[in-house]
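*Asks:* Handing over coords-v5.txt, compact mmCIF, C-alpha atoms.
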```
# COMPACT_ATOMS: atom_id res chain seq x y z
CA MET Q 1 82.31 109.82 81.23
CA SER Q 2 80.11 107.50 79.18
CA ARG Q 3 82.78 107.36 76.46
CA LEU Q 4 85.43 106.45 79.05
CA LYS Q 5 83.22 103.73 80.48
CA GLU Q 6 82.76 102.28 77.02
CA TYR Q 7 86.51 102.52 76.31
CA PHE Q 8 87.40 100.58 79.47
CA SER Q 9 84.63 97.99 79.11
CA TYR Q 10 87.03 95.40 77.67
CA LYS Q 11 87.35 92.04 79.43
CA LYS Q 12 90.08 92.08 82.11
CA PHE Q 13 92.68 89.34 82.58
CA ASP Q 14 91.67 87.83 79.28
CA THR Q 15 95.13 86.96 77.90
CA PRO Q 16 98.15 85.19 79.48
CA VAL Q 17 100.13 88.44 79.37
CA TYR Q 18 98.47 90.92 81.72
CA ARG Q 19 98.81 94.70 81.56
CA ILE Q 20 99.57 96.19 84.99
CA LEU Q 21 99.53 99.89 85.85
CA TYR Q 22 101.80 100.06 88.89
CA LEU Q 23 101.80 103.01 91.33
CA ASN Q 24 105.34 103.48 92.61
CA ASN Q 25 106.97 105.75 95.17
CA ASP Q 26 110.04 103.65 96.03
CA TYR Q 27 108.46 102.02 99.09
CA TYR Q 28 110.27 98.85 100.10
CA LEU Q 29 109.36 95.81 97.93
CA GLN Q 30 107.83 97.98 95.20
CA LYS Q 31 110.89 97.82 92.95
CA GLN Q 32 111.05 94.07 93.51
CA SER Q 33 107.32 93.70 92.77
CA ILE Q 34 107.69 95.54 89.47
CA ALA Q 35 110.66 93.34 88.54
CA ALA Q 36 108.69 90.21 89.50
CA LEU Q 37 105.76 91.20 87.29
CA LYS Q 38 108.10 91.71 84.37
CA ASN Q 39 109.92 88.43 85.05
CA LEU Q 40 106.56 86.67 84.94
CA GLY Q 41 106.08 88.09 81.45
CA HIS Q 42 103.52 90.82 82.14
CA ASP Q 43 103.43 94.28 80.62
CA VAL Q 44 104.03 96.89 83.33
CA ALA Q 45 103.57 100.67 83.11
CA VAL Q 46 104.95 102.47 86.17
CA VAL Q 47 103.33 105.69 87.38
CA ASP Q 48 105.29 107.55 90.04
CA VAL Q 49 103.16 108.76 92.96
CA VAL Q 50 102.75 112.54 93.37
CA ASN Q 51 101.22 114.37 96.33
CA ASP Q 52 98.58 116.30 94.41
CA PRO Q 53 95.42 114.10 94.03
CA SER Q 54 94.22 115.84 90.86
CA GLN Q 55 97.60 115.41 89.20
CA MET Q 56 97.74 111.80 90.40
CA LEU Q 57 94.34 111.05 88.89
CA GLU Q 58 95.38 112.66 85.61
CA LEU Q 59 98.56 110.55 85.46
CA ILE Q 60 96.61 107.35 86.15
CA LEU Q 61 93.98 108.11 83.51
CA LYS Q 62 96.47 109.11 80.81
CA THR Q 63 98.50 105.95 81.39
CA ALA Q 64 95.37 103.78 81.56
CA ILE Q 65 94.12 105.12 78.22
CA LEU Q 66 97.41 104.14 76.58
CA LEU Q 67 97.84 100.82 78.40
CA LYS Q 68 94.24 99.56 78.80
CA PRO Q 69 95.29 97.84 82.04
CA ASP Q 70 93.93 94.67 83.56
CA CYS Q 71 94.40 96.34 86.95
CA VAL Q 72 96.00 99.18 88.88
CA MET Q 73 98.43 97.83 91.49
CA GLY Q 74 100.42 99.30 94.37
CA VAL Q 75 101.32 99.12 98.05
CA ASN Q 76 99.51 100.50 101.12
CA HIS Q 77 97.01 102.59 99.11
CA LEU Q 78 99.88 104.93 98.26
CA GLY Q 79 98.84 107.36 95.53
CA PHE Q 80 95.12 107.38 96.38
CA ASP Q 81 93.39 110.42 97.89
CA GLU Q 82 91.74 110.34 101.31
CA GLU Q 83 88.35 111.36 99.87
CA GLY Q 84 88.23 108.25 97.69
CA LYS Q 85 87.78 110.09 94.38
CA ILE Q 86 90.40 108.05 92.54
CA ALA Q 87 88.99 104.79 93.90
CA ASP Q 88 85.47 105.80 92.90
CA LEU Q 89 86.40 106.81 89.35
CA LEU Q 90 88.38 103.64 88.66
CA SER Q 91 85.46 101.60 89.99
CA GLN Q 92 83.04 103.40 87.68
CA LEU Q 93 85.41 102.63 84.79
CA SER Q 94 85.49 98.94 85.80
CA ILE Q 95 89.28 98.98 86.30
CA PRO Q 96 90.30 96.58 89.11
CA VAL Q 97 92.50 98.01 91.86
CA VAL Q 98 94.78 95.93 94.09
CA PHE Q 99 96.95 96.96 97.00
CA TRP Q 100 99.39 94.88 99.05
CA TYR Q 101 99.33 96.10 102.64
CA LEU Q 102 102.81 95.76 104.16
CA ASP Q 103 101.92 97.86 107.22
CA ASP Q 104 99.04 97.98 109.68
CA PHE Q 105 95.85 98.89 107.76
CA ARG Q 106 94.82 101.31 110.52
CA PHE Q 107 97.63 103.61 109.46
CA ILE Q 108 96.75 103.24 105.76
CA ALA Q 109 93.12 102.87 104.76
CA PHE Q 110 91.74 106.34 105.51
CA ASP Q 111 87.97 105.87 105.53
CA GLY Q 112 87.21 102.37 104.28
CA LYS Q 113 83.72 103.44 103.24
CA VAL Q 114 85.06 105.75 100.54
CA GLN Q 115 87.95 103.53 99.44
CA SER Q 116 86.15 100.20 99.22
CA ASN Q 117 84.16 98.98 96.23
CA PRO Q 118 83.63 95.67 94.35
CA MET Q 119 86.54 96.47 92.00
CA THR Q 120 89.13 96.70 94.81
CA ALA Q 121 91.15 93.81 96.25
CA ILE Q 122 93.37 94.01 99.32
CA PHE Q 123 96.21 91.65 100.21
CA THR Q 124 97.47 92.09 103.77
CA PHE Q 125 100.64 90.81 105.41
CA GLU Q 126 98.82 90.21 108.70
CA LYS Q 127 96.30 87.36 108.81
CA THR Q 128 94.34 88.78 111.75
CA HIS Q 129 93.64 91.94 109.75
CA VAL Q 130 91.60 90.14 107.07
CA PRO Q 131 88.21 90.14 108.88
CA VAL Q 132 88.72 93.67 110.22
CA ILE Q 133 89.54 95.09 106.78
CA LYS Q 134 86.40 93.39 105.49
CA GLU Q 135 84.46 95.24 108.19
CA LEU Q 136 85.71 98.50 106.65
CA GLY Q 137 83.77 97.56 103.52
CA PHE Q 138 86.37 95.79 101.38
CA SER Q 139 84.82 92.57 100.05
CA HIS Q 140 87.97 91.05 98.49
CA VAL Q 141 90.61 90.69 101.22
CA PHE Q 142 93.36 88.06 101.32
CA HIS Q 143 96.32 87.15 103.49
CA LEU Q 144 99.71 87.54 101.77
CA PRO Q 145 102.89 87.65 103.91
CA SER Q 146 105.85 89.83 103.04
CA ALA Q 147 108.82 88.21 101.31
CA SER Q 148 112.53 88.46 100.65
CA ALA Q 149 113.86 91.13 98.34
CA ILE Q 150 117.28 89.53 98.78
CA HIS Q 151 117.84 86.70 96.31
CA PRO Q 152 119.31 83.48 97.79
CA GLU Q 153 121.33 82.58 94.70
CA LYS Q 154 123.55 85.68 94.83
CA ASP Q 155 126.96 85.81 96.52
CA TYR Q 156 127.08 87.97 99.65
CA LEU Q 157 130.73 87.47 100.57
CA ASN Q 158 132.51 90.78 101.17
CA GLN Q 159 135.71 91.10 103.17
CA SER Q 160 134.72 94.57 104.35
CA TYR Q 161 132.34 92.82 106.75
CA SER Q 162 134.72 90.13 107.99
CA PHE Q 163 134.84 91.87 111.39
CA LEU Q 164 131.37 90.40 112.01
CA GLU Q 165 132.37 86.74 111.71
CA ASN Q 166 132.14 86.18 115.46
CA ALA Q 167 129.55 88.88 116.07
CA VAL Q 168 125.92 89.09 117.09
CA SER Q 169 124.25 91.77 114.95
CA PHE Q 170 120.98 93.64 115.11
CA ILE Q 171 119.68 95.96 112.37
CA GLY Q 172 116.82 98.26 113.30
CA GLY Q 173 115.87 101.69 114.54
CA THR Q 174 114.34 103.34 117.60
CA PHE Q 175 111.37 104.69 115.58
CA SER Q 176 112.09 108.09 117.18
CA SER Q 177 111.89 109.91 113.84
CA SER Q 178 108.58 108.25 112.93
CA LYS Q 179 107.19 109.10 116.36
CA ASN Q 180 108.18 112.77 116.01
CA LYS Q 181 106.49 112.99 112.61
CA ARG Q 182 103.20 111.91 114.20
CA LEU Q 183 103.50 114.19 117.24
CA LYS Q 184 100.58 116.47 118.11
CA PRO Q 185 100.35 118.74 121.21
CA ALA Q 186 97.97 116.52 123.18
CA TYR Q 187 99.86 113.27 122.58
CA PRO Q 188 102.62 113.38 125.27
CA ASP Q 189 100.07 113.75 128.08
CA LEU Q 190 97.88 110.98 126.64
CA LEU Q 191 100.92 108.73 126.31
CA PHE Q 192 101.99 109.48 129.89
CA LYS Q 193 98.59 108.33 131.17
CA LEU Q 194 98.66 105.24 128.96
CA GLU Q 195 102.10 104.12 130.16
CA LYS Q 196 100.69 103.77 133.67
CA LYS Q 197 98.32 101.08 132.37
CA ILE Q 198 100.25 99.29 129.60
CA ASP Q 199 103.77 97.86 129.73
CA PHE Q 200 105.39 98.54 126.35
CA LYS Q 201 108.57 96.65 127.19
CA HIS Q 202 107.07 93.26 126.41
CA ALA Q 203 105.51 91.89 123.23
CA ASN Q 204 101.81 92.70 122.99
CA THR Q 205 99.86 91.03 120.20
CA PHE Q 206 96.78 93.22 120.54
CA LEU Q 207 98.33 96.52 121.60
CA ILE Q 208 96.11 98.74 119.43
CA ASP Q 209 93.01 97.09 120.88
CA GLU Q 210 94.28 97.93 124.37
CA ILE Q 211 94.98 101.54 123.37
CA LYS Q 212 91.46 101.81 121.96
CA ARG Q 213 89.92 100.36 125.11
CA GLU Q 214 91.80 102.83 127.32
CA GLN Q 215 91.72 106.04 125.30
CA ALA Q 216 89.42 105.93 122.26
CA ALA Q 217 86.94 108.18 124.07
CA GLU Q 218 89.56 110.96 124.19
CA LEU Q 219 89.93 111.06 120.38
CA VAL Q 220 86.94 112.25 118.40
CA THR Q 221 87.17 110.29 115.15
CA GLU Q 222 88.53 106.94 114.00
CA ASN Q 223 91.16 108.70 111.88
CA GLU Q 224 92.30 110.75 114.88
CA PHE Q 225 92.56 107.62 116.98
CA ASN Q 226 94.56 105.78 114.31
CA HIS Q 227 97.00 108.70 114.00
CA TYR Q 228 97.53 108.70 117.77
CA ALA Q 229 97.80 104.89 117.83
CA GLY Q 230 100.60 105.15 115.26
CA TYR Q 231 102.39 107.58 117.57
CA VAL Q 232 102.01 105.19 120.50
CA MET Q 233 103.12 102.25 118.38
CA CYS Q 234 106.41 103.97 117.60
CA GLU Q 235 107.03 104.44 121.32
CA ALA Q 236 106.04 100.85 122.08
CA ILE Q 237 108.47 99.51 119.48
CA ARG Q 238 111.26 101.68 120.90
CA GLN Q 239 110.68 100.43 124.45
CA TYR Q 240 110.31 96.79 123.41
CA ARG Q 241 113.52 96.81 121.37
CA ALA Q 242 115.46 98.83 123.94
CA ASN Q 243 114.51 96.41 126.72
CA ILE Q 244 115.87 93.48 124.72
CA LEU Q 245 118.99 95.21 123.40
CA GLU Q 246 119.98 96.47 126.84
CA ASN Q 247 119.81 92.90 128.12
CA VAL Q 248 121.84 91.19 125.39
CA VAL Q 249 124.76 89.37 127.00
CA ALA Q 250 127.19 88.68 124.20
CA GLU Q 251 130.74 89.43 123.21
CA ASN Q 252 131.19 91.36 119.98
CA PHE Q 253 127.66 92.76 119.74
CA HIS Q 254 126.87 95.25 116.94
CA VAL Q 255 123.75 97.39 116.48
CA PHE Q 256 123.15 99.01 113.07
CA GLY Q 257 120.65 101.53 111.86
CA ASP Q 258 120.05 104.28 114.39
CA LEU Q 259 122.60 106.38 116.28
CA CYS Q 260 119.87 107.13 118.85
CA TRP Q 261 120.78 103.73 120.33
CA ASN Q 262 123.83 105.53 121.81
CA GLU Q 263 121.44 106.97 124.40
CA TYR Q 264 120.78 103.50 125.84
CA SER Q 265 122.82 101.14 128.00
CA ILE Q 266 123.69 98.70 125.24
CA ASN Q 267 126.82 96.62 125.68
CA GLY Q 268 127.94 96.76 122.07
CA THR Q 269 129.09 98.89 119.15
CA ILE Q 270 126.50 101.26 117.69
CA HIS Q 271 126.60 101.99 113.95
CA GLY Q 272 124.62 104.46 111.86
CA PRO Q 273 122.05 103.67 109.13
CA VAL Q 274 122.93 100.99 106.57
CA ASP Q 275 121.61 100.67 103.02
CA ASN Q 276 119.19 97.81 102.36
CA THR Q 277 120.95 96.74 99.16
CA THR Q 278 124.62 97.70 99.52
CA ALA Q 279 125.19 96.76 103.17
CA VAL Q 280 122.38 94.82 104.84
CA PRO Q 281 122.75 91.49 102.95
CA PHE Q 282 126.48 91.44 103.70
CA ILE Q 283 125.88 92.11 107.40
CA PHE Q 284 123.38 89.24 107.45
CA HIS Q 285 125.79 86.92 105.66
CA HIS Q 286 128.91 87.60 107.70
CA SER Q 287 127.45 87.87 111.20
CA LEU Q 288 127.71 84.77 113.36
CA LEU Q 289 124.14 85.44 114.49
CA ASN Q 290 121.49 87.98 113.41
CA LEU Q 291 119.10 89.00 116.17
CA ASN Q 292 115.56 89.85 115.09
CA ILE Q 293 113.24 91.97 117.25
CA SER Q 294 109.84 92.37 115.63
CA SER Q 295 107.73 95.50 115.56
CA GLN Q 296 104.91 95.72 118.11
CA GLN Q 297 102.46 96.32 115.24
CA LEU Q 298 102.88 92.70 114.10
CA ALA Q 299 100.23 90.57 115.76
CA THR Q 300 100.95 87.11 114.34
CA THR Q 301 102.93 87.74 111.16
CA VAL Q 302 106.68 88.02 110.67
CA ASN Q 303 108.85 90.88 109.45
CA LEU Q 304 111.19 90.92 106.45
CA ARG Q 305 114.20 89.81 108.49
CA VAL Q 306 112.77 86.30 108.81
CA PHE Q 307 113.00 85.88 105.04
CA GLU Q 308 116.00 88.03 104.23
CA VAL Q 309 118.56 86.80 106.76
CA PRO Q 310 118.45 83.19 105.48
CA ALA Q 311 118.24 84.46 101.88
CA ALA Q 312 121.61 86.16 102.39
CA GLY Q 313 123.05 83.00 103.90
CA GLY Q 314 122.89 84.35 107.43
CA PHE Q 315 121.88 82.76 110.71
CA LEU Q 316 118.71 84.12 112.31
CA LEU Q 317 117.59 84.20 115.94
CA THR Q 318 114.07 85.63 115.98
CA ASP Q 319 111.40 86.43 118.54
CA TRP Q 320 108.27 84.30 118.45
CA LYS Q 321 105.38 84.98 116.08
CA ASP Q 322 102.47 82.57 115.53
CA GLU Q 323 102.90 82.54 111.76
CA LEU Q 324 106.48 81.23 111.90
CA GLY Q 325 105.35 77.62 111.91
CA GLU Q 326 103.29 78.14 108.76
CA LEU Q 327 106.28 79.54 106.85
CA PHE Q 328 109.21 77.44 108.06
CA ASP Q 329 109.94 74.05 109.61
CA PHE Q 330 110.66 74.48 113.31
CA ASP Q 331 112.70 71.30 113.48
CA SER Q 332 115.31 72.30 110.91
CA GLU Q 333 114.93 75.90 109.70
CA LEU Q 334 114.31 78.17 112.68
CA VAL Q 335 115.81 79.22 115.99
CA VAL Q 336 113.29 81.16 118.10
CA TYR Q 337 113.33 82.83 121.50
CA LYS Q 338 110.34 83.64 123.70
CA SER Q 339 112.15 85.44 126.53
CA ILE Q 340 115.31 87.44 127.13
CA ASP Q 341 116.83 84.58 129.14
CA GLU Q 342 116.15 82.12 126.33
CA MET Q 343 117.61 84.57 123.82
CA ASN Q 344 120.86 84.88 125.79
CA ASP Q 345 121.09 81.10 126.26
CA LEU Q 346 120.73 80.58 122.50
CA ILE Q 347 123.28 83.29 121.70
CA ALA Q 348 125.78 81.66 124.05
CA PHE Q 349 125.14 78.20 122.61
CA TYR Q 350 125.70 79.22 118.99
CA GLN Q 351 128.72 81.36 119.83
CA GLN Q 352 130.25 78.30 121.48
CA ASN Q 353 129.03 75.92 118.74
CA PRO Q 354 129.22 77.90 115.47
CA SER Q 355 129.16 74.78 113.29
CA LYS Q 356 125.64 73.98 114.56
CA ARG Q 357 124.37 76.87 112.45
CA GLU Q 358 125.22 75.58 108.99
CA HIS Q 359 122.44 73.02 108.57
CA ILE Q 360 119.82 75.54 109.71
CA ILE Q 361 121.20 78.27 107.41
CA ASN Q 362 121.13 75.98 104.38
CA LYS Q 363 117.65 74.60 105.04
CA ALA Q 364 116.15 78.04 105.66
CA ARG Q 365 117.84 79.45 102.58
CA GLN Q 366 116.38 76.68 100.42
CA ARG Q 367 112.94 77.33 101.89
CA VAL Q 368 113.13 81.01 100.96
CA LEU Q 369 114.35 80.18 97.46
CA LYS Q 370 111.44 77.77 97.00
CA GLU Q 371 108.57 79.69 98.63
CA HIS Q 372 109.34 83.16 100.02
CA LEU Q 373 110.62 85.47 97.30
CA VAL Q 374 108.66 88.49 96.09
CA ILE Q 375 107.98 86.70 92.80
CA HIS Q 376 106.14 83.94 94.70
CA ARG Q 377 103.83 86.51 96.30
CA ILE Q 378 103.22 88.36 93.03
CA ARG Q 379 102.42 85.11 91.23
CA LYS Q 380 99.82 84.24 93.88
CA MET Q 381 98.37 87.74 93.75
CA ILE Q 382 97.98 87.63 89.97
CA THR Q 383 96.31 84.22 90.13
CA VAL Q 384 93.74 85.48 92.64
CA LEU Q 385 93.08 88.64 90.62
CA ALA Q 386 92.52 86.69 87.41
CA ASP Q 387 89.95 84.53 89.20
CA LEU Q 388 88.25 87.58 90.71
CA PHE Q 389 88.12 89.93 87.76
CA GLY Q 390 88.74 87.75 84.69
```
How does this structure look as structure tokens?
*Replies:*
Amino acid sequence: MSRLKEYFSYKKFDTPVYRILYLNNDYYLQKQSIAALKNLGHDVAVVDVVNDPSQMLELILKTAILLKPDCVMGVNHLGFDEEGKIADLLSQLSIPVVFWYLDDFRFIAFDGKVQSNPMTAIFTFEKTHVPVIKELGFSHVFHLPSASAIHPEKDYLNQSYSFLENAVSFIGGTFSSSKNKRLKPAYPDLLFKLEKKIDFKHANTFLIDEIKREQAAELVTENEFNHYAGYVMCEAIRQYRANILENVVAENFHVFGDLCWNEYSINGTIHGPVDNTTAVPFIFHHSLLNLNISSQQLATTVNLRVFEVPAAGGFLLTDWKDELGELFDFDSELVVYKSIDEMNDLIAFYQQNPSKREHIINKARQRVLKEHLVIHRIRKMITVLADLFG
């Protein structure tokens, strides 16, 4: 161990070209993050995540010995063991670790006490999570929104999607599969009791706090509570989205992404799953209007649709989130609804006045090109890391 410590005692972030060991398991935005690092001129060694912690540690160490990295980077703590052995060893070797949280930290961080150390930095997509993640023991925590993996300068015209030119489209699932994966025997009864106290059909900024207040005493540990909260969150998202979709009043309405929507009273055409690269940008581009319904796990931040619809040259109608005004100009780049009635009024207006969309589409697209691509986020992340660990 002493020889390893000496080997990795070199100064980090000491040259303009940084060496990044990236942990990859094909999670969304990882491929784009790797490409962004390379486009910025950095040397990237990719280690694919495996389920066995001992094998994962061996892969990291072997690659680190060859690369002599300035940091280990990844998303959502993917690749690290729950006991914190990988985190502890890398800290002892003075190798900085950075993760970009693109989901709620409560479903990610395991036990913060064993994962956190002075050599770890966390970037989280949700601003309100920063102080809470710090309470877990992480001292270097920063807000970093998600970004567009769709590039605004590409052409997304495709006649196969011309049937959407007068359509309102929604892309998103029921979260039924994710809910079933989290299911444990006691959960349905707990959920039944909870539904008598909390209305999931409407946006709830602090839903997990409400779940904790009502039922934390029935779950022994923090990890058990977080697992159950994830189960509840899937159900809350389903109910919130279903309530909106069942109340859309629009001609030529299309819902993509989950055939389970056939079980609901939606006045539109239901399509199966669509690929994020080969279909989604073209749906965004060709649809008259793209309806966005955020996940209930998002407190103030926005989802990927807010960046990707304008990036593809599409027109976005999104539900309200506090962070929208920090990312876009309300006067010229956004159309937002705060109620179902307002949503339907806006749909009707833009279906009757399609030319009113063009200025908004162009302005929003330019904003994404200038500020909201993955490369912008990676550049900021690298700058912060160099200041922290250089």
*Asks:* Counting all atoms listed in the file, what is within 8 Å of region 307-316 of chain Q, bar same-chain residues fewer than 2 positions away, as JSON, numbers by chain?
*Replies:* {"Q": [147, 148, 149, 150, 151, 152, 154, 155, 156, 281, 282, 284, 285, 286, 287, 288, 289, 290, 291, 292, 303, 304, 305, 318, 334, 335, 357, 360, 361, 362, 364, 365, 368, 369, 372]}
*Asks:* Pick out the closest residue to Ser116 (chain Q) from this set: Q:Leu144, Q:Leu93, Q:Ile86, Q:Ile382. Count all atoms listed in the file.
*Replies:*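 That would be Q:Ile86, the residue with the smallest distance to Ser116 (chain Q).
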*Asks:* Find the distance between CA of Gly268 (chain Q) and CA of Ile198 (chain Q) and write it in Å to one decimal.
*Replies:*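 About the pair CA of Gly268 (chain Q) and CA of Ile198 (chain Q): they are 28.8 Å apart.
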*Asks:* Of the candidates Q:Thr301, Q:Ser332, Q:Asn39, Q:Ser176, which one gets nearest to Leu102 (chain Q) if we count only C-alpha atoms?
*Replies:*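 Under the stated criterion, the closest residue is Q:Thr301.
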*Asks:* Hey, which of Q:Tyr18, Q:Tyr231, Q:Tyr7, Q:Phe328 ends up closest to Tyr187 (chain Q)? Count all atoms listed in the file.
*Replies:* Q:Tyr231
*Asks:* Nearest to Ala186 (chain Q) among Q:Pro16, Q:Lys5, Q:Val72, Q:Glu218, with distances taken over only C-alpha atoms: which residue is it?
*Replies:*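 Of the candidates, the smallest distance to Ala186 (chain Q) is held by Q:Glu218.
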*Asks:* Neighbours of region 224-227 of chain Q within 9 Å (all atoms listed in the file; same-chain residues fewer than 3 positions away dropped), as a list of chain:residue names?
*Replies:* Q:Arg106, Q:Phe107, Q:Arg182, Q:Ile208, Q:Lys212, Q:Gln215, Q:Ala216, Q:Glu218, Q:Leu219, Q:Val220, Q:Thr221, Q:Gly230, Q:Tyr231, Q:Val232
*Asks:* Between Q:Gln239, Q:Glu323, Q:Gly390, Q:Ile133, single out the one closest to Tyr10 (chain Q), counting only C-alpha atoms.
*Replies:*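 Among the listed residues, Q:Gly390 lies closest to Tyr10 (chain Q).
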*Asks:* Any idea what's packed within 7 Å of Cys71 (chain Q), counting only C-alpha atoms, ignoring anything in its chain fewer than 5 positions away? Could you give it as a VMD selection string?
*Replies:* chain Q and resid 20 to 21 95 to 97
*Asks:* One decimal, Å: what's the distance from CA of Asp387 (chain Q) over to CA of Ile60 (chain Q), could you say?
*Replies:*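 Distance between the two atoms: 24.0 Å.
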*Asks:* Write out as a VMD selection string each polymer residue whose atoms come within 8 Å of Leu136 (chain Q), counting only C-alpha atoms; drop sequence neighbours fewer than 5 positions from it.
*Replies:* chain Q and resid 111 to 113 116
*Asks:* Please define a box with edges along x, y and z of the file around all atoms of region 54-70 of chain Q given in the file, extend it by 4 Å on each side, and return its centre and edge lengths in Å to one decimal, as JSON.
*Replies:*
```
{"center_x": 96.2, "center_y": 105.3, "center_z": 83.7, "size_x": 12.6, "size_y": 29.2, "size_z": 22.3}
```
*Asks:* Which one is closest to Gln92 (chain Q): Q:Asn166, Q:Thr124, Q:Ser9, Q:Ser146? Count all atoms listed in the file.
*Replies:*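 Nearest to Gln92 (chain Q): Q:Ser9.
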*Asks:* Please measure the separation of CA of Thr174 (chain Q) and CA of Arg238 (chain Q), giving the value in Å to one decimal.
*Replies:*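 About the pair CA of Thr174 (chain Q) and CA of Arg238 (chain Q): they are 4.8 Å apart.
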*Asks:* Mind listing whatever residues come within 8 Å of the point (99.5, 88.3, 77.9)? Use only C-alpha atoms, file coordinates, and give them as a VMD selection string.
*Replies:* chain Q and resid 14 to 19 41 to 43
*Asks:* Write the residues of the selection above to a file with C-alpha atoms, as a PDB file, keeping the file's coordinate frame.
*Replies:*
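Wrote part_29.pdb, looks like this:
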```
ATOM      1  CA  ASP Q  14      91.670  87.830  79.280  1.00  0.00           C
ATOM      2  CA  THR Q  15      95.130  86.960  77.900  1.00  0.00           C
ATOM      3  CA  PRO Q  16      98.150  85.190  79.480  1.00  0.00           C
ATOM      4  CA  VAL Q  17     100.130  88.440  79.370  1.00  0.00           C
ATOM      5  CA  TYR Q  18      98.470  90.920  81.720  1.00  0.00           C
ATOM      6  CA  ARG Q  19      98.810  94.700  81.560  1.00  0.00           C
ATOM      7  CA  GLY Q  41     106.080  88.090  81.450  1.00  0.00           C
ATOM      8  CA  HIS Q  42     103.520  90.820  82.140  1.00  0.00           C
ATOM      9  CA  ASP Q  43     103.430  94.280  80.620  1.00  0.00           C
TER      10      ASP Q  43
END
```
*Asks:* If we draw a sphere of 12 Å around (119.7, 85.2, 129.5), which residues have at least one atom in it when counting only C-alpha atoms? Please report them as a list in words.
*Replies:*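 Final list of nearby residues, as requested, is Ile244, Leu245, Glu246, Asn247, Val248, Val249, Ala250, Tyr337, Lys338, Ser339, Ile340, Asp341, Glu342, Met343, Asn344, Asp345, Leu346, Ile347, Ala348 and Phe349 of chain Q.
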*Asks:* What's around region 49-53 of chain Q at 6 Å? Count all atoms listed in the file, leave out sequence neighbours fewer than 3 positions away in its own chain, and write the answer as an MDAnalysis selection string.
*Replies:* chainID Q and resid 24:25 56 79 81
